Amino acid sequence: MPGGSQPGGAGLTAPALLVDFGSTFTKLIAVDSRSGVLVGSAQHRTTVESDLMDGFSAALGQLQAAGVAAAGAGPVLGCSSAGGGLRVAIAGLERDLTAEAARQVALNSGGRIVAIITRAGSTSLAAEVRQSAADLVLLVGGTDGGDERFVVEAARSLAAAGGVGRPVVFAGNTSARAQVAAALDGGGVIWRAAPNVLPEIGRVEVDGVQSVIREAFIEHVIKGKRLSAADRFREIVALPTPDAVLEAVKLVARGQASLRGRAGAESRAGAEEILVVDVGGATTDVYSCLSARNAAASRSGSLVPAAPVARTVEADLGLRWSAEGLVAAARERRLVTGAEADRLGGAAAHRAADPGFSPETPQEARDDLALARLAVVVAISRHAGRDTVVLTPAGADFRRTGRDIRGIRTVVLTGGVFRANAGHDLRGFLDGAFAQFDRRRELVPAQVRVIADSRYILAAAGLLSVRSPELALRLVATTYGTFSRRTDD
């Protein structure tokens, strides 16, 4: 996946520069700060072994040499998943209530959940957090005015013996906040208060908690990992990369609604729904935006409502570090068998041993795309919900878990592999992908329209939307007008 650029926009003096410090590559996108037009892009291998700004400087040099001379002189915004991204341990009162609400919020904040520790397993809370290698602890429990005992005891456990060496975000019962504060402060724990993630049954607080997690990630994780000694790195990074992509998903969904509103079109079921799959070197992330009706129908019978926009992370489905796990998962689902499975198994082993591997032959490029297809299909399957029938003393009971994404008609594929293979026609990339799935039980889409983010602008658009949503939407529209088509055409 070599670096490259698409120069343009002659005469620009200071384009906005959007930077993604990825697990494998550092990507730069230059955008005309007035029109939102993409004027150049470049990438360089992420230099985790030295200083992340080394890779940034090399990519910036490519961009400037390609004709975007003023790149870097204007505003610079960055996101990062380098160094493993954000690993979150959740300490919660009940797995099906506050812990589940916290899981939804943590995933949508760009975190990868490495442990969920509930009251049943909380006797060794501090030890379990340390064992999980989490970067941050999300402490939750109790609706407002409800149970206080768990979060107070959990805070005391985390504070014992000098704490666990990780920042804590408390998003539990606000009535217990004073006692939690006393315990954490007494143990010298770095912590932040957030709104209660589940203030009452049936309502999840998303934005306020996400904002606090984001601040903790930037201040204590990105800067604390010492991925760069440069002050500029700490000034640039504003979001975790998955959070930036999530903002882009919301942006595209809002843009579709806006376009339909201007056209005077009637809203139809599925019109705003979209699925985005980000295939990376370490993980494959899936984002779904559902209509309010289908979001409400998801997680039928649950006391924790499903969010209209949600993200899941599959840590065993990357194209480099976790490539062998990807092939194993595809074999298990019988998505790949026989000689092809053996060939892709060898390709995966080579990539896992050399995460910086870049295809040099047509066959190596085809293998990358084949692995990416497997990652997309398995990840979408895991993201989708399930319908099951459970036998109870009262008889058969219908239960739904997860998200109903059967009505989605558009899938956007993003990630370095699609940028590197921009010349390939991927319109049929997912044809027949879910034919063998039991769509009565697995709530996966049928036939979908595929759009490849071949210029890798989604994370950049998400970053830009924090400062200027209109400019970010223009970036998407001027680069991929097809993003704005109706998803049920």
# chains A, B, ... in the order shown; residues from 1 in each chain; ligands from 1
$ residues_around --residues "stretch 333-345 of chain A" --least-positions-apart "4" --cutoff "7 Å" --atoms "only C-alpha atoms" --output "PDB file with C-alpha atoms, in the first residue's frame"
ATOM      1  CA  GLU A 324      -4.562 -15.702  10.921  1.00  0.00           C
ATOM      2  CA  VAL A 327      -8.909 -17.013   8.156  1.00  0.00           C
ATOM      3  CA  ALA A 329     -13.058 -17.394  11.595  1.00  0.00           C
ATOM      4  CA  ALA A 349       0.564 -16.086   8.207  1.00  0.00           C
ATOM      5  CA  ASP A 367      -5.095 -12.082  -1.741  1.00  0.00           C
TER       6      ASP A 367
END
$ residues_around --residues "stretch 356-363 of chain A" --least-positions-apart "3" --cutoff "10 Å" --atoms "only C-alpha atoms" --output "PyMOL selection string"
chain A and resi 1-2+23-25+45-46+281+320-321+350-353+366-369+417+420
$ select_by_dssp --residues "stretch 30-227 of chain A" --states "strand (DSSP E or B)" --output "PyMOL selection string"
chain A and resi 30-31+38-45+76-80+86-92+111-118+136-139+168-170+191-193+200+203
$ residues_around --residues "stretch 200-202 of chain A" --least-positions-apart "2" --cutoff "10 Å" --atoms "only C-alpha atoms" --output "number ranges by chain"
A: 97-98, 101, 142-146, 173, 196-198, 204-205, 302-306
$ write_last_selection --atoms "C-alpha atoms" --output "JSON list (two decimals), in the first residue's frame"
[["chain", "number", "residue", "atom", "x", "y", "z"],
["A", 97, "LEU", "CA", -28.30, -3.27, 32.18],
["A", 98, "THR", "CA", -25.66, -0.68, 33.03],
["A", 101, "ALA", "CA", -25.31, 0.45, 28.17],
["A", 142, "GLY", "CA", -27.14, 1.99, 39.22],
["A", 143, "THR", "CA", -29.73, 4.30, 37.75],
["A", 144, "ASP", "CA", -29.86, 7.75, 39.31],
["A", 145, "GLY", "CA", -31.11, 7.33, 42.85],
["A", 146, "GLY", "CA", -30.72, 3.54, 42.65],
["A", 173, "ASN", "CA", -25.42, 6.61, 39.79],
["A", 196, "ASN", "CA", -24.82, 8.44, 34.30],
["A", 197, "VAL", "CA", -24.72, 6.10, 31.30],
["A", 198, "LEU", "CA", -28.15, 4.69, 32.28],
["A", 204, "VAL", "CA", -28.96, 5.60, 27.58],
["A", 205, "GLU", "CA", -26.85, 8.74, 27.90],
["A", 302, "SER", "CA", -34.19, -5.46, 26.26],
["A", 303, "LEU", "CA", -34.32, -2.76, 28.94],
["A", 304, "VAL", "CA", -31.37, -1.05, 27.21],
["A", 305, "PRO", "CA", -32.49, 0.59, 23.95],
["A", 306, "ALA", "CA", -30.44, 0.22, 20.79]]
$ residues_around --residues "A:Ser132" --least-positions-apart "6" --cutoff "12 Å" --atoms "only C-alpha atoms" --output "PyMOL selection string"
chain A and resi 87-91+112-117+125-126+164+166
$ write_last_selection --atoms "C-alpha atoms" --output "PDB file, in the first residue's frame"
ATOM      1  CA  ARG A  87      -8.760  -0.540  25.243  1.00  0.00           C
ATOM      2  CA  VAL A  88     -11.601  -0.231  27.746  1.00  0.00           C
ATOM      3  CA  ALA A  89     -12.471  -2.316  30.799  1.00  0.00           C
ATOM      4  CA  ILE A  90     -16.054  -1.909  32.003  1.00  0.00           C
ATOM      5  CA  ALA A  91     -16.896  -2.381  35.650  1.00  0.00           C
ATOM      6  CA  ARG A 112     -12.270  -1.804  22.138  1.00  0.00           C
ATOM      7  CA  ILE A 113     -13.804  -3.655  25.060  1.00  0.00           C
ATOM      8  CA  VAL A 114     -11.201  -5.944  26.652  1.00  0.00           C
ATOM      9  CA  ALA A 115     -13.103  -6.827  29.839  1.00  0.00           C
ATOM     10  CA  ILE A 116     -16.605  -6.554  31.291  1.00  0.00           C
ATOM     11  CA  ILE A 117     -16.509  -7.101  35.037  1.00  0.00           C
ATOM     12  CA  LEU A 125     -11.795  -6.018  40.366  1.00  0.00           C
ATOM     13  CA  ALA A 126      -8.386  -4.341  40.435  1.00  0.00           C
ATOM     14  CA  VAL A 164      -4.559   0.330  38.925  1.00  0.00           C
ATOM     15  CA  ARG A 166      -5.193   3.647  34.551  1.00  0.00           C
TER      16      ARG A 166
END
$ residues_around --residues "stretch 454-463 of chain A" --least-positions-apart "2" --cutoff "8 Å" --atoms "only C-alpha atoms" --output "PyMOL selection string"
chain A and resi 18-20+29+41+77-79+238-239+241-249+251+414-416+418-422+452+465-467+472-473+475-476
$ atom_distance --atom1 "atom CA of A:Ala134" --atom2 "atom CA of A:Ala182"
23.1 Å
$ select_by_dssp --residues "stretch 204-373 of chain A" --states "helix (DSSP H, G or I)" --output "MDAnalysis selection string"
chainID A and resid 207:222 231:236 241:263 292:297 323:332 338:353 362:373
$ atom_distance --atom1 "atom CA of A:Ala16" --atom2 "atom CA of A:Val277"
25.5 Å
$ closest_residue --among "A:Arg232, A:Leu184, A:Asn108, A:Thr388" --to "A:Ser288" --atoms "only C-alpha atoms"
A:Asn108
$ closest_residue --among "A:Gly280, A:Thr312, A:Ser33, A:Val237" --to "A:Arg103" --atoms "only C-alpha atoms"
A:Thr312
$ closest_residue --among "A:Val450, A:Ile218, A:Ala70, A:Leu471" --to "A:Gly85" --atoms "only C-alpha atoms"
A:Ile218
$ residues_around --residues "A:Gly385" --least-positions-apart "6" --cutoff "12 Å" --atoms "only C-alpha atoms" --output "list in words"
Ser288, Asn294, Ala295, Ala297, Ser298, Arg299, Ser300, Ala306, Thr312, Ala379, Arg399, Arg400, Thr401, Gly402, Arg403, Asp404, Ile405, Arg406, Asp438, Arg439, Arg440, Arg441, Glu442, Leu443, Val444 and Pro445 of chain A
